[in-house]
$ cat query-v1.cif   # mmCIF, C-alpha atoms
data_work
loop_
_atom_site.label_atom_id
_atom_site.label_comp_id
_atom_site.auth_asym_id
_atom_site.auth_seq_id
_atom_site.Cartn_x
_atom_site.Cartn_y
_atom_site.Cartn_z
CA MET A 202 91.45 61.29 118.47
CA LEU A 203 95.08 62.38 118.84
CA ILE A 204 98.05 60.38 117.64
CA ARG A 205 101.17 61.18 119.59
CA SER A 206 104.58 60.84 117.95
CA PRO A 207 108.05 61.27 119.48
CA GLU A 208 109.08 64.73 118.22
CA TRP A 209 106.20 67.11 118.72
CA ARG A 210 107.42 70.13 120.72
CA THR A 211 107.56 72.54 117.79
CA VAL A 212 105.13 75.24 118.93
CA PRO A 213 106.61 78.55 120.17
CA PRO A 214 106.55 78.54 124.01
CA MET A 215 104.02 80.11 126.31
CA ALA A 216 101.01 80.54 124.05
CA SER A 217 97.61 81.08 125.60
CA VAL A 218 95.35 78.44 124.06
CA LEU A 219 91.59 77.93 124.25
CA VAL A 220 90.51 74.36 123.48
CA VAL A 221 86.84 74.06 122.47
CA GLU A 222 86.07 70.33 122.43
CA ASP A 223 83.17 68.33 123.87
CA ASP A 224 84.85 64.91 123.64
CA GLN A 225 86.36 64.50 127.09
CA PHE A 226 89.08 62.08 125.95
CA VAL A 227 90.33 64.36 123.14
CA ARG A 228 89.95 67.42 125.35
CA SER A 229 92.00 65.92 128.18
CA ALA A 230 94.73 64.78 125.79
CA LEU A 231 94.99 68.24 124.23
CA ILE A 232 95.11 69.95 127.62
CA ARG A 233 97.79 67.58 128.92
CA GLN A 234 100.04 67.71 125.87
CA LEU A 235 99.77 71.46 125.32
CA SER A 236 100.43 72.07 129.01
CA GLU A 237 103.49 69.83 128.82
CA ALA A 238 104.74 72.13 126.06
CA SER A 239 104.55 75.09 128.51
CA HIS A 240 101.37 76.62 127.12
CA THR A 241 98.60 78.15 129.20
CA VAL A 242 95.47 76.18 128.37
CA ARG A 243 91.82 76.83 129.11
CA SER A 244 89.12 74.53 127.83
CA VAL A 245 85.36 74.46 127.35
CA GLY A 246 82.92 71.99 125.88
CA THR A 247 80.31 74.23 124.26
CA ALA A 248 80.19 77.09 121.77
CA LEU A 249 78.52 79.51 124.18
CA GLU A 250 81.20 78.87 126.79
CA ALA A 251 83.83 79.55 124.11
CA LEU A 252 82.23 82.90 123.28
CA ARG A 253 82.22 83.85 126.96
CA GLU A 254 85.89 82.86 127.29
CA VAL A 255 87.13 85.00 124.36
CA ALA A 256 85.02 87.90 125.61
CA HIS A 257 86.76 87.84 129.01
CA PHE A 258 90.27 86.48 128.33
CA ARG A 259 92.99 87.08 125.78
CA PHE A 260 94.09 84.03 123.79
CA ASP A 261 96.82 83.54 121.20
CA VAL A 262 94.99 80.73 119.40
CA VAL A 263 91.69 78.86 119.58
CA ILE A 264 91.34 75.17 118.66
CA LEU A 265 87.69 74.77 117.72
CA ASP A 266 85.86 71.46 117.30
CA LEU A 267 82.87 71.54 114.93
CA GLY A 268 80.77 68.85 116.59
CA LEU A 269 79.64 70.85 119.61
CA PRO A 270 76.45 69.96 121.52
CA ASP A 271 74.82 73.41 121.64
CA LEU A 272 75.81 75.08 118.38
CA ASP A 273 77.48 73.93 115.18
CA GLY A 274 81.15 74.88 115.21
CA SER A 275 80.90 76.73 111.90
CA GLU A 276 78.25 79.02 113.40
CA ALA A 277 80.42 79.45 116.49
CA LEU A 278 83.30 80.45 114.20
CA LYS A 279 81.21 83.22 112.63
CA MET A 280 80.25 84.48 116.07
CA LEU A 281 83.88 84.38 117.23
CA ARG A 282 84.92 86.39 114.20
CA GLY A 283 82.39 89.02 115.20
CA ILE A 284 84.16 89.73 118.49
CA THR A 285 87.82 88.74 118.03
CA ASP A 286 90.62 88.40 115.48
CA VAL A 287 92.35 85.58 117.39
CA PRO A 288 93.68 82.82 115.10
CA VAL A 289 91.29 79.85 114.95
CA ILE A 290 92.29 76.32 113.99
CA ILE A 291 89.34 74.08 113.18
CA ALA A 292 89.49 70.46 114.38
CA THR A 293 86.94 68.43 112.47
CA ALA A 294 86.06 64.89 111.46
CA ARG A 295 84.36 66.28 108.34
CA ASP A 296 86.73 65.59 105.44
CA ASP A 297 84.58 67.45 102.94
CA GLU A 298 85.95 69.95 100.42
CA ALA A 299 82.86 72.17 100.36
CA GLU A 300 82.84 72.31 104.16
CA ILE A 301 86.54 73.23 104.30
CA VAL A 302 86.03 76.00 101.74
CA ARG A 303 83.09 77.33 103.76
CA LEU A 304 85.15 77.34 106.96
CA LEU A 305 88.03 79.23 105.34
CA HIS A 306 85.55 81.73 103.96
CA ALA A 307 83.99 82.13 107.42
CA GLY A 308 87.36 83.15 108.89
CA ALA A 309 89.20 79.99 109.93
CA ASP A 310 92.98 80.39 109.84
CA ASP A 311 93.61 76.68 109.39
CA TYR A 312 91.98 73.29 109.83
CA LEU A 313 92.86 69.74 110.81
CA VAL A 314 90.90 66.59 109.98
CA LYS A 315 90.61 64.09 112.84
CA PRO A 316 92.44 61.92 113.73
CA PHE A 317 95.56 64.08 113.71
CA SER A 318 98.93 63.77 115.36
CA VAL A 319 100.22 66.21 117.94
CA ASP A 320 103.11 66.87 115.53
CA HIS A 321 100.62 68.07 112.96
CA LEU A 322 98.70 70.23 115.42
CA SER A 323 101.96 71.72 116.72
CA ALA A 324 103.12 72.63 113.20
CA ARG A 325 99.82 74.30 112.38
CA MET A 326 99.79 76.19 115.68
CA ALA A 327 103.36 77.33 115.14
CA ALA A 328 102.43 78.67 111.71
CA VAL A 329 99.45 80.74 112.84
CA LEU A 330 101.30 81.99 115.93
CA ARG A 331 104.34 83.07 113.89
CA ARG A 332 102.08 84.95 111.55
CA ALA A 333 100.11 86.62 114.35
CA ARG A 334 103.26 87.60 116.26
CA SER A 335 104.90 88.89 113.10
CA ALA A 336 101.87 91.08 112.40
CA ALA A 337 102.11 92.47 115.94
CA GLY A 338 105.83 93.23 115.68
CA GLU A 339 107.39 96.67 115.87
CA ALA A 340 108.71 96.85 112.31
CA PRO A 341 106.74 99.48 110.35
CA PRO A 342 104.62 98.14 107.50
CA PRO A 343 105.69 99.03 103.94
CA ARG A 344 104.44 102.09 102.08
CA VAL A 345 101.15 102.27 100.20
CA ILE A 346 101.32 100.06 97.10
CA ARG A 347 99.72 101.06 93.79
CA VAL A 348 99.35 98.71 90.86
CA GLY A 349 97.14 100.05 88.09
CA GLY A 350 93.84 101.04 89.71
CA LEU A 351 94.60 98.93 92.77
CA THR A 352 95.77 100.59 96.01
CA VAL A 353 96.95 98.58 99.01
CA ASP A 354 97.72 100.26 102.34
CA PRO A 355 99.46 97.74 104.66
CA LEU A 356 99.51 100.18 107.60
CA ARG A 357 95.73 100.62 107.64
CA ARG A 358 95.11 97.18 106.14
CA GLN A 359 92.87 98.71 103.51
CA ALA A 360 92.64 98.11 99.78
CA GLU A 361 90.79 99.97 97.04
CA LEU A 362 90.06 99.23 93.40
CA ASP A 363 89.51 102.31 91.23
CA GLY A 364 88.76 104.30 94.39
CA ALA A 365 86.18 101.84 95.76
CA PRO A 366 87.03 100.02 99.04
CA LEU A 367 87.50 96.26 98.83
CA ASP A 368 85.87 94.16 101.54
CA LEU A 369 88.62 91.59 102.17
CA THR A 370 89.12 88.98 104.84
CA ARG A 371 92.38 89.07 106.75
CA ARG A 372 93.93 86.29 104.67
CA GLU A 373 92.69 87.76 101.39
CA PHE A 374 94.32 91.07 102.30
CA ASP A 375 97.61 89.40 103.23
CA LEU A 376 97.69 87.49 99.93
CA LEU A 377 96.82 90.58 97.90
CA ALA A 378 99.40 92.75 99.69
CA PHE A 379 102.14 90.15 99.25
CA LEU A 380 101.50 89.82 95.50
CA ALA A 381 100.99 93.57 95.01
CA GLY A 382 104.38 94.20 96.64
CA ARG A 383 105.96 92.17 93.81
CA PRO A 384 104.12 93.41 90.70
CA GLY A 385 104.85 91.41 87.57
CA VAL A 386 106.84 88.78 89.52
CA VAL A 387 105.68 85.16 89.35
CA VAL A 388 105.54 83.96 92.97
CA PRO A 389 105.78 80.17 93.44
CA ARG A 390 103.02 78.53 95.45
CA LYS A 391 105.55 77.26 97.98
CA GLU A 392 106.62 80.84 98.62
CA LEU A 393 103.00 81.91 99.11
CA LEU A 394 102.50 79.13 101.64
CA ALA A 395 105.68 80.12 103.47
CA GLU A 396 105.19 83.89 103.47
CA VAL A 397 101.41 84.33 103.63
CA TRP A 398 100.36 81.18 105.49
CA GLN A 399 103.65 80.69 107.39
CA GLN A 400 103.68 77.01 106.38
CA SER A 401 106.48 75.00 104.78
CA TYR A 402 103.91 72.66 103.27
CA GLY A 403 100.20 72.61 102.62
CA ASP A 404 97.34 72.03 100.23
CA ASP A 405 97.24 74.05 96.98
CA GLN A 406 93.46 74.10 97.41
CA THR A 407 93.83 76.72 100.14
CA ILE A 408 95.65 79.08 97.75
CA ASP A 409 93.18 78.39 94.93
CA VAL A 410 90.21 79.15 97.19
CA HIS A 411 91.61 82.51 98.29
CA LEU A 412 92.67 83.42 94.74
CA SER A 413 89.14 82.67 93.58
CA TRP A 414 87.66 84.96 96.26
CA LEU A 415 90.14 87.71 95.42
CA ARG A 416 89.37 87.48 91.71
CA ARG A 417 85.66 87.81 92.42
CA LYS A 418 86.26 90.95 94.49
CA LEU A 419 88.58 92.38 91.82
CA GLY A 420 85.85 91.85 89.22
CA GLU A 421 87.65 89.17 87.24
CA THR A 422 87.74 85.41 86.69
CA ALA A 423 90.46 82.83 86.11
CA ALA A 424 89.33 82.62 82.46
CA ARG A 425 89.37 86.42 82.07
CA PRO A 426 92.04 87.75 84.48
CA ARG A 427 92.89 91.41 84.85
CA TYR A 428 95.24 91.61 87.85
CA LEU A 429 95.79 88.03 89.02
CA HIS A 430 97.43 85.62 86.61
CA THR A 431 98.12 81.95 87.35
CA LEU A 432 100.91 80.18 85.50
CA ARG A 433 100.08 76.51 85.73
CA GLY A 434 102.80 74.56 87.50
CA VAL A 435 104.80 77.73 88.21
CA GLY A 436 102.98 80.23 90.42
CA VAL A 437 100.92 83.42 90.58
CA LYS A 438 101.63 87.01 89.62
CA LEU A 439 99.82 90.30 90.03
CA GLU A 440 100.25 93.02 87.41
CA PRO A 441 98.24 96.00 86.15
CA PRO A 442 95.63 95.33 83.47
CA ARG A 443 96.91 95.76 79.96
CA GLU A 444 94.63 98.73 79.32
CA SER A 445 96.31 100.61 82.19
CA GLN A 446 99.88 99.84 81.09
CA PRO A 447 101.74 102.53 79.08
#
$ encode --input "query-v1.cif" --output "structure tokens"
Amino acid sequence: MLIRSPEWRTVPPMASVLVVEDDQFVRSALIRQLSEASHTVRSVGTALEALREVAHFRFDVVILDLGLPDLDGSEALKMLRGITDVPVIIATARDDEAEIVRLLHAGADDYLVKPFSVDHLSARMAAVLRRARSAAGEAPPPRVIRVGGLTVDPLRRQAELDGAPLDLTRREFDLLAFLAGRPGVVVPRKELLAEVWQQSYGDDQTIDVHLSWLRRKLGETAARPRYLHTLRGVGVKLEPPRESQP
């Protein structure tokens, strides 16, 4: 269900949007309101149709419902991630923390719990579109960053720890690169949301989840940190392990 409020035209114009939703009422409302905001909208009602669409057309963002008739949306998300890097916003009635964590880990860029307002959807779309368009801009990425045994190459979007490649998701890499570019600096959570997630507000849980995944891949824990240090109530910093400092 969508809740429309007066001021909702906040999404950058002329995005190509794929709506994957089997509820005809919600689907029609999304198509109408996104079209009114000058977006190009295609829509399907099944996961298999969605996979065919992204294989044949270029989209700026996909809005993916989880309750699809042919395939669970979380499985569809994994399959989408196998063929495209397009930003995906999950639309779900499942207000469950474990499910949200699983979706983020599977490659979702953001999620909304139904019912949501068009204002809310527009803000989330604007955030993922700004981030995607910024990544595709002409400005050259910064130089290779080295912090202790950690190497981050923004141009190739590759990271290594002590010479071994790190298998990072897109968001994990963005978070790591942002923190590594400011070694020893405590970055407030609001700044992480603004710069990494392109959101002016959000849930700290999203940051905590990605920090937890990063720590695991860096071979550390919150209780025994090496690179990533959380200052409760302040923010997060990345610095070389003490054994590697002069």
$ residues_around --input "query-v1.cif" --residues "Arg358 in chain A" --least-positions-apart "4" --cutoff "9 Å" --atoms "all atoms listed in the file" --output "PyMOL selection string"
chain A and resi 353-354+371+374-375+378
$ write_last_selection --input "query-v1.cif" --atoms "C-alpha atoms" --output "PDB file, keeping the file's coordinate frame"
ATOM      1  CA  VAL A 353      96.950  98.580  99.010  1.00  0.00           C
ATOM      2  CA  ASP A 354      97.720 100.260 102.340  1.00  0.00           C
ATOM      3  CA  ARG A 371      92.380  89.070 106.750  1.00  0.00           C
ATOM      4  CA  PHE A 374      94.320  91.070 102.300  1.00  0.00           C
ATOM      5  CA  ASP A 375      97.610  89.400 103.230  1.00  0.00           C
ATOM      6  CA  ALA A 378      99.400  92.750  99.690  1.00  0.00           C
TER       7      ALA A 378
END
$ closest_residue --input "query-v1.cif" --among "A:Leu219, A:Ala256, A:Leu369, A:Val227" --to "Pro316 in chain A" --atoms "all atoms listed in the file"
A:Val227
$ resolve_selection --input "query-v1.cif" --expression "the PyMOL selection byres ((chain A and resi 417) around 12)" --output "compact mmCIF listing (two decimals) with C-alpha atoms, keeping the file's coordinate frame"
# COMPACT_ATOMS: atom_id res chain seq x y z
CA LEU A 367 87.50 96.26 98.83
CA ASP A 368 85.87 94.16 101.54
CA LEU A 369 88.62 91.59 102.17
CA GLU A 373 92.69 87.76 101.39
CA VAL A 410 90.21 79.15 97.19
CA HIS A 411 91.61 82.51 98.29
CA LEU A 412 92.67 83.42 94.74
CA SER A 413 89.14 82.67 93.58
CA TRP A 414 87.66 84.96 96.26
CA LEU A 415 90.14 87.71 95.42
CA ARG A 416 89.37 87.48 91.71
CA LYS A 418 86.26 90.95 94.49
CA LEU A 419 88.58 92.38 91.82
CA GLY A 420 85.85 91.85 89.22
CA GLU A 421 87.65 89.17 87.24
CA THR A 422 87.74 85.41 86.69
CA ALA A 423 90.46 82.83 86.11
CA ALA A 424 89.33 82.62 82.46
CA ARG A 425 89.37 86.42 82.07
CA PRO A 426 92.04 87.75 84.48
CA ARG A 427 92.89 91.41 84.85
CA TYR A 428 95.24 91.61 87.85
CA LEU A 429 95.79 88.03 89.02
$ resolve_selection --input "query-v1.cif" --expression "the PyMOL selection byres ((chain A and resi 379) around 10)" --output "short mmCIF file (atom, residue, chain, number, x, y, z; two decimals) with C-alpha atoms, keeping the file's coordinate frame"
data_model
loop_
_atom_site.label_atom_id
_atom_site.label_comp_id
_atom_site.auth_asym_id
_atom_site.auth_seq_id
_atom_site.Cartn_x
_atom_site.Cartn_y
_atom_site.Cartn_z
CA VAL A 353 96.95 98.58 99.01
CA PRO A 355 99.46 97.74 104.66
CA GLU A 373 92.69 87.76 101.39
CA PHE A 374 94.32 91.07 102.30
CA ASP A 375 97.61 89.40 103.23
CA LEU A 376 97.69 87.49 99.93
CA LEU A 377 96.82 90.58 97.90
CA ALA A 378 99.40 92.75 99.69
CA LEU A 380 101.50 89.82 95.50
CA ALA A 381 100.99 93.57 95.01
CA GLY A 382 104.38 94.20 96.64
CA ARG A 383 105.96 92.17 93.81
CA PRO A 384 104.12 93.41 90.70
CA VAL A 388 105.54 83.96 92.97
CA LEU A 393 103.00 81.91 99.11
CA GLU A 396 105.19 83.89 103.47
CA VAL A 397 101.41 84.33 103.63
CA LEU A 439 99.82 90.30 90.03
#
$ residues_around --input "query-v1.cif" --residues "Thr285 in chain A" --least-positions-apart "3" --cutoff "10 Å" --atoms "all atoms listed in the file" --output "MDAnalysis selection string"
chainID A and resid 252 255:256 259:260 280:282 288
